[in-house]
>>> print(open('structure_17.pdb').read())   # PDB, C-alpha atoms and all ligand atoms
ATOM      1  CA  MET B 327    -131.946  89.811  23.143
ATOM      2  CA  ASP B 328    -133.687  86.451  23.389
ATOM      3  CA  LEU B 329    -137.453  86.864  23.166
ATOM      4  CA  SER B 330    -138.183  83.204  22.403
ATOM      5  CA  VAL B 331    -140.581  81.242  24.597
ATOM      6  CA  LYS B 332    -140.536  77.472  25.001
ATOM      7  CA  ILE B 333    -143.917  75.747  25.238
ATOM      8  CA  GLY B 334    -143.814  71.966  25.430
ATOM      9  CA  ASN B 335    -141.486  70.646  22.713
ATOM     10  CA  LYS B 336    -141.643  73.820  20.574
ATOM     11  CA  THR B 337    -140.527  77.430  20.710
ATOM     12  CA  LEU B 338    -142.429  80.625  19.946
ATOM     13  CA  SER B 339    -140.283  83.296  18.281
ATOM     14  CA  ASN B 340    -141.634  85.962  20.624
ATOM     15  CA  PRO B 341    -144.144  86.241  23.492
ATOM     16  CA  VAL B 342    -146.847  88.277  21.733
ATOM     17  CA  GLY B 343    -149.956  86.498  20.461
ATOM     18  CA  VAL B 344    -153.436  87.493  19.348
ATOM     19  CA  ALA B 345    -156.337  86.000  21.306
ATOM     20  CA  SER B 346    -158.878  83.519  20.037
ATOM     21  CA  GLY B 347    -162.154  84.952  18.794
ATOM     22  CA  THR B 348    -160.817  88.475  18.453
ATOM     23  CA  PHE B 349    -158.711  87.963  15.322
ATOM     24  CA  GLY B 350    -161.028  85.849  13.173
ATOM     25  CA  TYR B 351    -159.178  83.051  11.422
ATOM     26  CA  GLY B 352    -156.165  85.334  10.999
ATOM     27  CA  SER B 353    -156.323  86.007   7.276
ATOM     28  CA  GLU B 354    -158.946  88.744   7.840
ATOM     29  CA  TYR B 355    -156.095  90.833   9.282
ATOM     30  CA  GLU B 356    -153.389  90.126   6.696
ATOM     31  CA  LYS B 357    -153.789  93.493   4.953
ATOM     32  CA  LEU B 358    -153.498  95.357   8.258
ATOM     33  CA  VAL B 359    -150.781  93.479  10.116
ATOM     34  CA  ASP B 360    -147.666  91.486   9.216
ATOM     35  CA  LEU B 361    -148.852  88.147  10.578
ATOM     36  CA  SER B 362    -145.311  86.726  10.455
ATOM     37  CA  GLU B 363    -144.290  89.131  13.213
ATOM     38  CA  LEU B 364    -146.725  87.599  15.673
ATOM     39  CA  GLY B 365    -145.341  85.089  18.143
ATOM     40  CA  ALA B 366    -148.639  83.219  17.954
ATOM     41  CA  LEU B 367    -152.013  83.489  16.295
ATOM     42  CA  TYR B 368    -154.805  81.765  18.227
ATOM     43  CA  THR B 369    -157.622  81.054  15.799
ATOM     44  CA  LYS B 370    -161.343  81.457  16.580
ATOM     45  CA  THR B 371    -162.653  78.485  18.560
ATOM     46  CA  VAL B 372    -163.539  75.678  16.206
ATOM     47  CA  THR B 373    -166.042  72.929  17.032
ATOM     48  CA  HIS B 374    -166.957  69.674  15.295
ATOM     49  CA  LYS B 375    -169.933  71.158  13.460
ATOM     50  CA  TYR B 376    -170.729  74.657  12.202
ATOM     51  CA  ARG B 377    -172.307  76.893  14.857
ATOM     52  CA  SER B 378    -174.317  80.007  14.065
ATOM     53  CA  GLY B 379    -173.829  81.365  17.595
ATOM     54  CA  ASN B 380    -176.185  83.283  19.871
ATOM     55  CA  SER B 381    -178.939  85.685  18.915
ATOM     56  CA  CYS B 382    -178.127  89.385  18.395
ATOM     57  CA  PRO B 383    -177.120  91.816  19.809
ATOM     58  CA  ARG B 384    -173.920  89.965  20.672
ATOM     59  CA  ILE B 385    -171.616  92.821  21.611
ATOM     60  CA  VAL B 386    -172.009  95.887  23.829
ATOM     61  CA  GLU B 387    -169.426  98.381  25.032
ATOM     62  CA  THR B 388    -169.101  98.807  28.811
ATOM     63  CA  PRO B 389    -166.855 101.053  30.954
ATOM     64  CA  SER B 390    -163.287 100.188  29.892
ATOM     65  CA  GLY B 391    -164.495  96.969  28.360
ATOM     66  CA  LEU B 392    -166.694  94.936  26.103
ATOM     67  CA  LEU B 393    -169.413  92.390  26.806
ATOM     68  CA  ASN B 394    -169.761  89.710  24.136
ATOM     69  CA  SER B 395    -172.033  86.744  23.744
ATOM     70  CA  ILE B 396    -170.937  85.415  20.368
ATOM     71  CA  GLY B 397    -171.594  81.821  21.450
ATOM     72  CA  LEU B 398    -168.716  80.175  19.600
ATOM     73  CA  ALA B 399    -170.062  80.889  16.106
ATOM     74  CA  ASN B 400    -167.651  79.103  13.741
ATOM     75  CA  VAL B 401    -167.408  77.289  10.422
ATOM     76  CA  GLY B 402    -166.849  73.798  11.878
ATOM     77  CA  VAL B 403    -163.623  71.817  11.786
ATOM     78  CA  LYS B 404    -163.958  70.429   8.209
ATOM     79  CA  LYS B 405    -164.335  73.866   6.623
ATOM     80  CA  PHE B 406    -161.666  75.244   8.982
ATOM     81  CA  ILE B 407    -159.195  72.668   7.659
ATOM     82  CA  ALA B 408    -160.220  73.042   4.017
ATOM     83  CA  GLU B 409    -160.599  76.821   3.790
ATOM     84  CA  LYS B 410    -159.091  78.667   6.753
ATOM     85  CA  LEU B 411    -155.891  76.877   7.814
ATOM     86  CA  PRO B 412    -154.296  76.828   4.314
ATOM     87  CA  LEU B 413    -154.450  80.654   4.207
ATOM     88  CA  LEU B 414    -152.051  80.787   7.147
ATOM     89  CA  GLU B 415    -149.423  78.405   5.773
ATOM     90  CA  ARG B 416    -147.269  81.176   4.303
ATOM     91  CA  TYR B 417    -146.851  83.018   7.586
ATOM     92  CA  GLU B 418    -144.078  82.320  10.053
ATOM     93  CA  CYS B 419    -146.114  82.789  13.215
ATOM     94  CA  ALA B 420    -147.201  79.810  15.282
ATOM     95  CA  VAL B 421    -150.824  79.042  14.427
ATOM     96  CA  ILE B 422    -152.531  77.694  17.522
ATOM     97  CA  ALA B 423    -155.945  76.160  16.918
ATOM     98  CA  ASN B 424    -158.399  76.889  19.700
ATOM     99  CA  ILE B 425    -160.921  74.058  19.990
ATOM    100  CA  ALA B 426    -164.094  73.286  21.947
ATOM    101  CA  GLY B 427    -166.810  70.682  22.145
ATOM    102  CA  SER B 428    -170.034  69.983  23.968
ATOM    103  CA  THR B 429    -168.766  66.565  25.106
ATOM    104  CA  GLU B 430    -165.271  65.192  25.815
ATOM    105  CA  ASP B 431    -165.606  62.990  22.731
ATOM    106  CA  GLU B 432    -166.311  66.046  20.599
ATOM    107  CA  TYR B 433    -163.117  67.751  21.783
ATOM    108  CA  ILE B 434    -161.212  64.569  20.889
ATOM    109  CA  ALA B 435    -162.877  64.330  17.464
ATOM    110  CA  VAL B 436    -161.923  67.921  16.589
ATOM    111  CA  LEU B 437    -158.321  67.434  17.698
ATOM    112  CA  GLU B 438    -158.036  64.130  15.802
ATOM    113  CA  GLN B 439    -159.079  65.824  12.571
ATOM    114  CA  LEU B 440    -156.599  68.668  13.095
ATOM    115  CA  GLU B 441    -153.829  66.174  13.841
ATOM    116  CA  LYS B 442    -153.979  65.121  10.180
ATOM    117  CA  CYS B 443    -152.749  68.614   9.170
ATOM    118  CA  GLU B 444    -149.183  69.930   9.378
ATOM    119  CA  LEU B 445    -150.482  73.221  10.723
ATOM    120  CA  PRO B 446    -151.465  73.939  13.514
ATOM    121  CA  TRP B 447    -148.364  74.463  15.627
ATOM    122  CA  GLY B 448    -150.355  73.502  18.735
ATOM    123  CA  TYR B 449    -153.754  73.582  20.407
ATOM    124  CA  GLU B 450    -155.505  75.790  22.903
ATOM    125  CA  ILE B 451    -158.364  73.946  24.569
ATOM    126  CA  ASN B 452    -161.262  76.264  25.319
ATOM    127  CA  ILE B 453    -162.926  74.996  28.486
ATOM    128  CA  SER B 454    -163.909  78.476  29.507
ATOM    129  CA  CYS B 455    -166.532  79.990  27.209
ATOM    130  CA  PRO B 456    -169.253  81.616  29.319
ATOM    131  CA  ASN B 457    -171.642  82.032  26.383
ATOM    132  CA  VAL B 458    -172.762  78.508  25.484
ATOM    133  CA  SER B 459    -175.354  76.312  27.161
ATOM    134  CA  HIS B 460    -173.654  72.935  26.532
ATOM    135  CA  GLY B 461    -169.983  72.513  27.410
ATOM    136  CA  GLY B 462    -168.229  75.851  27.819
ATOM    137  CA  LEU B 463    -167.855  76.690  31.482
ATOM    138  CA  ALA B 464    -169.135  73.279  32.567
ATOM    139  CA  PHE B 465    -165.769  71.826  31.533
ATOM    140  CA  GLY B 466    -163.603  74.539  32.995
ATOM    141  CA  THR B 467    -165.065  74.671  36.489
ATOM    142  CA  ASP B 468    -164.595  71.042  37.537
ATOM    143  CA  PRO B 469    -160.982  69.948  38.194
ATOM    144  CA  LEU B 470    -161.797  66.257  37.679
ATOM    145  CA  ILE B 471    -163.235  66.920  34.228
ATOM    146  CA  VAL B 472    -160.329  69.233  33.348
ATOM    147  CA  GLU B 473    -157.769  66.578  34.248
ATOM    148  CA  SER B 474    -159.676  63.821  32.461
ATOM    149  CA  LEU B 475    -160.231  65.848  29.270
ATOM    150  CA  THR B 476    -156.639  67.103  29.211
ATOM    151  CA  SER B 477    -155.174  63.632  29.679
ATOM    152  CA  ARG B 478    -157.383  62.204  26.913
ATOM    153  CA  LEU B 479    -156.286  64.976  24.530
ATOM    154  CA  ARG B 480    -152.657  64.544  25.618
ATOM    155  CA  LEU B 481    -152.735  60.943  24.400
ATOM    156  CA  LYS B 482    -153.758  62.165  20.931
ATOM    157  CA  THR B 483    -151.027  64.731  20.259
ATOM    158  CA  LYS B 484    -147.361  65.498  20.770
ATOM    159  CA  LYS B 485    -147.873  69.120  19.746
ATOM    160  CA  PRO B 486    -148.077  71.821  22.431
ATOM    161  CA  LEU B 487    -151.337  71.519  24.366
ATOM    162  CA  LEU B 488    -152.557  74.658  26.111
ATOM    163  CA  VAL B 489    -155.638  74.767  28.308
ATOM    164  CA  LYS B 490    -157.542  78.061  28.457
ATOM    165  CA  LEU B 491    -159.001  78.764  31.868
ATOM    166  CA  THR B 492    -162.013  80.665  33.119
ATOM    167  CA  PRO B 493    -161.839  83.161  35.975
ATOM    168  CA  ASN B 494    -165.483  82.324  36.790
ATOM    169  CA  VAL B 495    -164.480  79.859  39.528
ATOM    170  CA  THR B 496    -163.709  79.997  43.249
ATOM    171  CA  ASP B 497    -160.033  79.025  42.939
ATOM    172  CA  ILE B 498    -158.547  79.053  39.446
ATOM    173  CA  SER B 499    -155.219  77.606  40.644
ATOM    174  CA  VAL B 500    -156.960  74.290  41.413
ATOM    175  CA  ILE B 501    -158.135  74.139  37.794
ATOM    176  CA  ALA B 502    -154.653  75.070  36.518
ATOM    177  CA  LYS B 503    -153.147  72.264  38.602
ATOM    178  CA  ALA B 504    -155.692  69.820  37.155
ATOM    179  CA  ALA B 505    -154.665  70.832  33.631
ATOM    180  CA  GLU B 506    -150.998  70.360  34.526
ATOM    181  CA  ASN B 507    -151.741  66.939  36.057
ATOM    182  CA  GLY B 508    -153.543  65.982  32.854
ATOM    183  CA  GLY B 509    -150.412  66.745  30.831
ATOM    184  CA  ALA B 510    -151.006  70.287  29.551
ATOM    185  CA  ASP B 511    -147.879  72.093  28.325
ATOM    186  CA  ALA B 512    -149.235  75.499  29.369
ATOM    187  CA  VAL B 513    -152.333  77.262  30.625
ATOM    188  CA  SER B 514    -153.807  80.437  29.113
ATOM    189  CA  CYS B 515    -155.663  82.764  31.415
ATOM    190  CA  ILE B 516    -158.015  84.479  31.453
ATOM    191  CA  ASN B 517    -161.110  84.044  29.367
ATOM    192  CA  THR B 518    -163.891  86.577  29.956
ATOM    193  CA  LEU B 519    -165.761  87.277  33.202
ATOM    194  CA  ILE B 520    -169.545  86.857  33.186
ATOM    195  CA  GLY B 521    -171.343  90.193  33.007
ATOM    196  CA  MET B 522    -174.659  91.772  32.087
ATOM    197  CA  ALA B 523    -175.956  95.112  30.833
ATOM    198  CA  ILE B 524    -179.593  96.258  30.874
ATOM    199  CA  ASP B 525    -181.342  98.693  28.552
ATOM    200  CA  THR B 526    -183.306 100.746  31.074
ATOM    201  CA  LYS B 527    -185.721 102.198  28.486
ATOM    202  CA  ALA B 528    -186.618  98.793  27.067
ATOM    203  CA  LYS B 529    -186.301  97.174  30.515
ATOM    204  CA  ARG B 530    -184.522  94.284  28.847
ATOM    205  CA  PRO B 531    -181.002  92.835  28.838
ATOM    206  CA  VAL B 532    -178.942  94.420  26.052
ATOM    207  CA  LEU B 533    -177.482  91.125  24.854
ATOM    208  CA  GLY B 534    -179.640  88.561  23.069
ATOM    209  CA  ASN B 535    -178.115  85.894  25.327
ATOM    210  CA  ILE B 536    -178.917  87.984  28.463
ATOM    211  CA  THR B 537    -175.383  87.658  29.881
ATOM    212  CA  GLY B 538    -172.015  87.868  28.141
ATOM    213  CA  GLY B 539    -168.279  87.754  28.766
ATOM    214  CA  LEU B 540    -166.488  90.893  29.911
ATOM    215  CA  SER B 541    -163.109  91.657  28.293
ATOM    216  CA  GLY B 542    -160.805  94.638  27.815
ATOM    217  CA  PRO B 543    -158.918  96.919  30.241
ATOM    218  CA  ALA B 544    -161.648  96.488  32.895
ATOM    219  CA  ILE B 545    -160.475  92.911  33.520
ATOM    220  CA  ARG B 546    -156.698  93.498  33.360
ATOM    221  CA  PRO B 547    -156.105  93.612  37.140
ATOM    222  CA  VAL B 548    -158.030  90.333  37.464
ATOM    223  CA  GLY B 549    -155.909  88.693  34.768
ATOM    224  CA  ILE B 550    -152.649  89.853  36.325
ATOM    225  CA  ALA B 551    -153.656  88.587  39.784
ATOM    226  CA  VAL B 552    -154.687  85.243  38.286
ATOM    227  CA  VAL B 553    -151.367  84.840  36.464
ATOM    228  CA  TYR B 554    -149.486  85.697  39.667
ATOM    229  CA  LYS B 555    -151.426  83.065  41.611
ATOM    230  CA  ILE B 556    -151.215  80.318  38.996
ATOM    231  CA  LYS B 557    -147.484  80.833  38.397
ATOM    232  CA  ARG B 558    -146.945  79.990  42.045
ATOM    233  CA  THR B 559    -149.037  76.816  41.781
ATOM    234  CA  VAL B 560    -147.899  75.117  38.563
ATOM    235  CA  SER B 561    -144.530  74.610  36.911
ATOM    236  CA  ILE B 562    -145.747  74.755  33.292
ATOM    237  CA  PRO B 563    -145.722  78.112  31.439
ATOM    238  CA  VAL B 564    -148.616  80.507  32.009
ATOM    239  CA  ILE B 565    -149.864  82.589  29.080
ATOM    240  CA  GLY B 566    -151.476  85.794  30.287
ATOM    241  CA  LEU B 567    -154.281  87.787  28.729
ATOM    242  CA  GLY B 568    -157.046  90.156  29.645
ATOM    243  CA  GLY B 569    -157.096  93.846  28.862
ATOM    244  CA  ILE B 570    -153.632  94.273  27.357
ATOM    245  CA  MET B 571    -153.591  97.545  25.397
ATOM    246  CA  CYS B 572    -149.914  98.553  25.472
ATOM    247  CA  ALA B 573    -146.424  97.275  26.263
ATOM    248  CA  ASP B 574    -146.604  98.342  29.914
ATOM    249  CA  ASP B 575    -149.714  96.165  30.380
ATOM    250  CA  ALA B 576    -147.883  93.223  28.800
ATOM    251  CA  VAL B 577    -144.800  93.772  30.981
ATOM    252  CA  GLN B 578    -147.054  93.709  34.068
ATOM    253  CA  TYR B 579    -148.262  90.245  32.998
ATOM    254  CA  LEU B 580    -144.673  89.101  32.357
ATOM    255  CA  LEU B 581    -143.555  90.333  35.768
ATOM    256  CA  ALA B 582    -146.530  88.578  37.388
ATOM    257  CA  GLY B 583    -145.267  85.328  35.883
ATOM    258  CA  ALA B 584    -146.555  85.012  32.321
ATOM    259  CA  SER B 585    -144.176  83.408  29.815
ATOM    260  CA  ALA B 586    -146.152  84.887  26.922
ATOM    261  CA  ILE B 587    -149.189  87.109  26.453
ATOM    262  CA  GLN B 588    -152.173  87.495  24.136
ATOM    263  CA  ILE B 589    -154.018  90.570  22.968
ATOM    264  CA  GLY B 590    -157.763  90.361  22.340
ATOM    265  CA  THR B 591    -160.099  93.332  22.644
ATOM    266  CA  GLY B 592    -157.126  95.688  22.128
ATOM    267  CA  THR B 593    -156.911  94.790  18.424
ATOM    268  CA  PHE B 594    -160.495  96.070  17.935
ATOM    269  CA  VAL B 595    -159.227  99.512  18.956
ATOM    270  CA  ASP B 596    -155.984  99.310  16.998
ATOM    271  CA  PRO B 597    -154.945  96.225  14.986
ATOM    272  CA  GLU B 598    -151.338  97.356  15.276
ATOM    273  CA  ILE B 599    -151.247  96.952  19.070
ATOM    274  CA  PRO B 600    -149.508  93.524  18.931
ATOM    275  CA  GLY B 601    -146.561  94.970  16.943
ATOM    276  CA  LYS B 602    -146.376  98.005  19.225
ATOM    277  CA  VAL B 603    -146.443  95.774  22.308
ATOM    278  CA  LEU B 604    -143.597  93.642  20.941
ATOM    279  CA  SER B 605    -141.436  96.727  20.246
ATOM    280  CA  GLY B 606    -142.272  98.066  23.707
ATOM    281  CA  ILE B 607    -141.273  94.801  25.400
ATOM    282  CA  ARG B 608    -137.979  94.898  23.490
ATOM    283  CA  GLU B 609    -137.386  98.493  24.565
ATOM    284  CA  TYR B 610    -138.192  97.659  28.205
ATOM    285  CA  CYS B 611    -135.721  94.764  28.161
ATOM    286  CA  GLU B 612    -133.025  97.011  26.665
ATOM    287  CA  GLN B 613    -133.603  99.739  29.251
ATOM    288  CA  GLU B 614    -133.645  97.246  32.128
ATOM    289  CA  GLY B 615    -130.664  95.250  30.848
ATOM    290  CA  ILE B 616    -132.753  92.092  30.531
ATOM    291  CA  LYS B 617    -131.233  89.633  28.038
ATOM    292  CA  LYS B 618    -133.905  86.895  28.131
ATOM    293  CA  ILE B 619    -137.668  87.141  28.276
ATOM    294  CA  ASN B 620    -137.617  83.895  30.203
ATOM    295  CA  GLY B 621    -137.645  84.450  33.938
ATOM    296  CA  PHE B 622    -139.294  87.866  34.312
ATOM    297  CA  HIS B 623    -141.342  86.478  37.211
ATOM    298  CA  LYS B 624    -138.210  86.205  39.365
ATOM    299  CA  TYR B 625    -138.392  89.983  39.907
ATOM    300  CA  ILE B 626    -141.568  89.717  41.954
ATOM    301  CA  GLU B 627    -141.629  87.180  44.762
TER
HETATM  302  C1  LIG V 701    -165.723  89.158  20.628
HETATM  303  C2  LIG V 701    -164.945  88.122  21.404
HETATM  304  C3  LIG V 701    -164.969  86.807  21.000
HETATM  305  C4  LIG V 701    -164.244  85.834  21.698
HETATM  306  N1  LIG V 701    -164.268  84.545  21.261
HETATM  307  C5  LIG V 701    -163.489  83.624  21.883
HETATM  308  C6  LIG V 701    -163.384  82.299  21.375
HETATM  309  O1  LIG V 701    -163.961  81.936  20.346
HETATM  310  N2  LIG V 701    -162.601  81.411  22.046
HETATM  311  C7  LIG V 701    -161.897  81.761  23.170
HETATM  312  O2  LIG V 701    -161.193  80.911  23.727
HETATM  313  N3  LIG V 701    -161.960  83.017  23.656
HETATM  314  C8  LIG V 701    -162.725  83.940  23.053
HETATM  315  N4  LIG V 701    -162.771  85.218  23.529
HETATM  316  C9  LIG V 701    -162.005  85.570  24.742
HETATM  317  C10 LIG V 701    -160.653  86.181  24.390
HETATM  318  O3  LIG V 701    -159.838  85.284  23.664
HETATM  319  C11 LIG V 701    -159.915  86.616  25.676
HETATM  320  O4  LIG V 701    -159.712  85.495  26.514
HETATM  321  C12 LIG V 701    -160.674  87.674  26.460
HETATM  322  O5  LIG V 701    -161.348  88.573  25.613
HETATM  323  C13 LIG V 701    -159.742  88.469  27.385
HETATM  324  O6  LIG V 701    -158.729  89.139  26.673
HETATM  325  P1  LIG V 701    -158.882  90.678  26.178
HETATM  326  O7  LIG V 701    -159.332  91.476  27.375
HETATM  327  O8  LIG V 701    -157.514  91.046  25.687
HETATM  328  O9  LIG V 701    -159.910  90.673  25.104
HETATM  329  C14 LIG V 701    -163.497  86.212  22.854
HETATM  330  C15 LIG V 701    -163.479  87.555  23.262
HETATM  331  C16 LIG V 701    -164.174  88.505  22.551
HETATM  332  C17 LIG V 701    -164.124  89.939  23.004
END
>>> encode(input="structure_17.pdb", output="structure tokens")
Amino acid sequence: MDLSVKIGNKTLSNPVGVASGTFGYGSEYEKLVDLSELGALYTKTVTHKYRSGNSCPRIVETPSGLLNSIGLANVGVKKFIAEKLPLLERYECAVIANIAGSTEDEYIAVLEQLEKCELPWGYEINISCPNVSHGGLAFGTDPLIVESLTSRLRLKTKKPLLVKLTPNVTDISVIAKAAENGGADAVSCINTLIGMAIDTKAKRPVLGNITGGLSGPAIRPVGIAVVYKIKRTVSIPVIGLGGIMCADDAVQYLLAGASAIQIGTGTFVDPEIPGKVLSGIREYCEQEGIKKINGFHKYIE
């Protein structure tokens, strides 16, 4: 059975990845999970400079989901290259560096520094964080900016370039098309949906940042619908995520049109979910007589 997935000029060994921001820099999980079995490991968003992130509390559980307002806390690209990336060299999985900036130039500067390293395998451009005041969603909601930023980054790298989209827009397929026009090799969708929870006793928002990003099973139907729509708009691969907890959830994304998937909030419940999802996809393919993961979307017109 061929579970490989082609993205740009490279191939992932299998379609199962772990989502940025939910798996640290990867090495935190090495005692719990065989990282080499992952198709891809998307590292925590890295920016030019260290960021401490938003004020606490930054996470609250909601019905079938999680609201977070981490605010892209990260070590900064220099420390990421010196201390975090080398820890992943011995693993076979594709390490995809997720990057962000508060200006287009900052995105370019981060990518240029990473280009000097053999790892990463490719880049995921985060233009969809709902929890930061500069950059974040501002980049991901304007198709002109998305195309301009993507084409500038495209000129700087031959490695796979993925653009991660926000569902917090009127028509996400317009944004996906802009990323494709700019030269993206794939789009990842979705990032979190803006949400809010209020402590009724304190009469205050629960999160320090007031609002946060909703993830987990609550957003799965949104993610699947988005993948379905985007797949019918662009010809580059679509990587689906949002609320995947088991193999059946992943297969739904694949049938909707995803070439690969990512698991985020699910690993907080059980770090072994990615391995279980991969086995379950394999089993599904065997049962259904499917020989190639490529082309699942043809089943649903
Ligand atoms: C605690 C937390 C932190 C996150 N941090 C990032 C991040 O740094 N960069 C990013 O692109 N997405 C980030 N995300 C979004 C996830 O990668 C993913 O798009 C989203 O959670 C939906 O998938 P899920 O429902 O499987 O978690 C974060 C999500 C959570 C829950």
>>> atom_distance(input="structure_17.pdb", atom1="atom CA of B:Gly397", atom2="atom O1 of ligand LIG 701 (chain V)")
7.7 Å
>>> closest_residue(input="structure_17.pdb", among="B:Pro383, B:Gly350, B:Phe465, B:Ile536", to="B:Leu414", atoms="all atoms listed in the file")
B:Gly350
>>> closest_atom_pairs(input="structure_17.pdb", of="chain B", to="ligand LIG 701 (chain V)", cutoff="6 Å", atoms="only C-alpha atoms and all ligand atoms", output="CSV")
residue,atom,partner,partner_atom,distance
B:Ala345,CA,V:LIG701,O3,4.3
B:Ser346,CA,V:LIG701,O3,4.1
B:Gly347,CA,V:LIG701,N1,3.3
B:Thr348,CA,V:LIG701,C2,5.1
B:Lys370,CA,V:LIG701,O1,4.6
B:Thr371,CA,V:LIG701,O1,4.1
B:Asn394,CA,V:LIG701,C1,5.4
B:Leu398,CA,V:LIG701,O1,5.1
B:Asn452,CA,V:LIG701,O2,4.9
B:Ile516,CA,V:LIG701,O4,5.3
B:Asn517,CA,V:LIG701,O4,3.5
B:Thr518,CA,V:LIG701,C12,4.9
B:Ser541,CA,V:LIG701,O7,3.9
B:Gly542,CA,V:LIG701,O7,3.5
B:Leu567,CA,V:LIG701,O6,5.1
B:Gly568,CA,V:LIG701,O7,3.5
B:Gly569,CA,V:LIG701,O7,3.6
B:Ile570,CA,V:LIG701,O8,5.3
B:Ile589,CA,V:LIG701,O8,4.5
B:Gly590,CA,V:LIG701,O8,3.4
B:Thr591,CA,V:LIG701,O9,3.6
B:Gly592,CA,V:LIG701,O8,5.9
>>> resolve_selection(input="structure_17.pdb", expression="the PyMOL selection byres (((chain B and resi 626) around 7) and not hetatm)", output="PDB file with C-alpha atoms, in the frame of the given file")
ATOM      1  CA  LEU B 581    -143.555  90.333  35.768  1.00  0.00           C
ATOM      2  CA  ALA B 582    -146.530  88.578  37.388  1.00  0.00           C
ATOM      3  CA  HIS B 623    -141.342  86.478  37.211  1.00  0.00           C
ATOM      4  CA  LYS B 624    -138.210  86.205  39.365  1.00  0.00           C
ATOM      5  CA  TYR B 625    -138.392  89.983  39.907  1.00  0.00           C
ATOM      6  CA  GLU B 627    -141.629  87.180  44.762  1.00  0.00           C
TER       7      GLU B 627
END
>>> resolve_selection(input="structure_17.pdb", expression="the PyMOL selection byres (((chain B and resi 558-565) around 7) and not hetatm)", output="JSON list (two decimals) with C-alpha atoms, keeping the file's coordinate frame")
[["chain", "number", "residue", "atom", "x", "y", "z"],
["B", 333, "ILE", "CA", -143.92, 75.75, 25.24],
["B", 499, "SER", "CA", -155.22, 77.61, 40.64],
["B", 503, "LYS", "CA", -153.15, 72.26, 38.60],
["B", 506, "GLU", "CA", -151.00, 70.36, 34.53],
["B", 511, "ASP", "CA", -147.88, 72.09, 28.32],
["B", 512, "ALA", "CA", -149.24, 75.50, 29.37],
["B", 513, "VAL", "CA", -152.33, 77.26, 30.62],
["B", 514, "SER", "CA", -153.81, 80.44, 29.11],
["B", 515, "CYS", "CA", -155.66, 82.76, 31.42],
["B", 553, "VAL", "CA", -151.37, 84.84, 36.46],
["B", 554, "TYR", "CA", -149.49, 85.70, 39.67],
["B", 555, "LYS", "CA", -151.43, 83.06, 41.61],
["B", 556, "ILE", "CA", -151.22, 80.32, 39.00],
["B", 557, "LYS", "CA", -147.48, 80.83, 38.40],
["B", 566, "GLY", "CA", -151.48, 85.79, 30.29],
["B", 567, "LEU", "CA", -154.28, 87.79, 28.73],
["B", 584, "ALA", "CA", -146.56, 85.01, 32.32],
["B", 585, "SER", "CA", -144.18, 83.41, 29.82],
["B", 586, "ALA", "CA", -146.15, 84.89, 26.92],
["B", 587, "ILE", "CA", -149.19, 87.11, 26.45]]
>>> residues_around(input="structure_17.pdb", residues="B:Ala573", least_positions_apart="2", cutoff="8 Å", atoms="all atoms listed in the file", output="PDB file with C-alpha atoms, keeping the file's coordinate frame")
ATOM      1  CA  ILE B 570    -153.632  94.273  27.357  1.00  0.00           C
ATOM      2  CA  MET B 571    -153.591  97.545  25.397  1.00  0.00           C
ATOM      3  CA  ASP B 575    -149.714  96.165  30.380  1.00  0.00           C
ATOM      4  CA  ALA B 576    -147.883  93.223  28.800  1.00  0.00           C
ATOM      5  CA  VAL B 577    -144.800  93.772  30.981  1.00  0.00           C
ATOM      6  CA  LYS B 602    -146.376  98.005  19.225  1.00  0.00           C
ATOM      7  CA  VAL B 603    -146.443  95.774  22.308  1.00  0.00           C
ATOM      8  CA  LEU B 604    -143.597  93.642  20.941  1.00  0.00           C
ATOM      9  CA  SER B 605    -141.436  96.727  20.246  1.00  0.00           C
ATOM     10  CA  GLY B 606    -142.272  98.066  23.707  1.00  0.00           C
ATOM     11  CA  ILE B 607    -141.273  94.801  25.400  1.00  0.00           C
TER      12      ILE B 607
END
>>> axis_aligned_box(input="structure_17.pdb", around="stretch 474-486 of chain B", padding_each_side="8 Å", output="JSON")
{"center_x": -153.8, "center_y": 66.4, "center_z": 26.1, "size_x": 28.9, "size_y": 26.9, "size_z": 28.7}
>>> resolve_selection(input="structure_17.pdb", expression="the PyMOL selection byres (((chain B and resi 445) around 9) and not hetatm)", output="ChimeraX atom specification")
/B:411-412,414-415,420-423,440-444,446-448
>>> residues_near_point(input="structure_17.pdb", point="(-168.8, 79.0, 35.2)", cutoff="6 Å", atoms="all atoms listed in the file", output="mmCIF file with C-alpha atoms, in the coordinates of the input")
data_model
loop_
_atom_site.group_PDB
_atom_site.id
_atom_site.type_symbol
_atom_site.label_atom_id
_atom_site.label_comp_id
_atom_site.auth_asym_id
_atom_site.auth_seq_id
_atom_site.Cartn_x
_atom_site.Cartn_y
_atom_site.Cartn_z
ATOM 1 C CA LEU B 463 -167.855 76.690 31.482
ATOM 2 C CA THR B 467 -165.065 74.671 36.489
ATOM 3 C CA ASN B 494 -165.483 82.324 36.790
#
>>> residues_around(input="structure_17.pdb", residues="B:Val403", least_positions_apart="2", cutoff="10 Å", atoms="all atoms listed in the file", output="list in words")
Thr371, Val372, Thr373, His374, Lys375, Tyr376, Asn400, Val401, Lys405, Phe406, Ile407, Ala408, Glu409, Lys410, Ile425, Ala435, Val436, Leu437, Gln439 and Leu440 of chain B
>>> residues_around(input="structure_17.pdb", residues="B:Ser353", least_positions_apart="2", cutoff="7 Å", atoms="all atoms listed in the file", output="ChimeraX atom specification")
/B:351,355-356,413-414
>>> residues_around(input="structure_17.pdb", residues="B:Thr388", least_positions_apart="4", cutoff="12 Å", atoms="only C-alpha atoms", output="number ranges by chain")
B: 392-394, 521-524, 532, 538-545
>>> closest_residue(input="structure_17.pdb", among="B:Ala551, B:Val495, B:Val472, B:Leu533", to="B:Ala510", atoms="all atoms listed in the file")
B:Val472
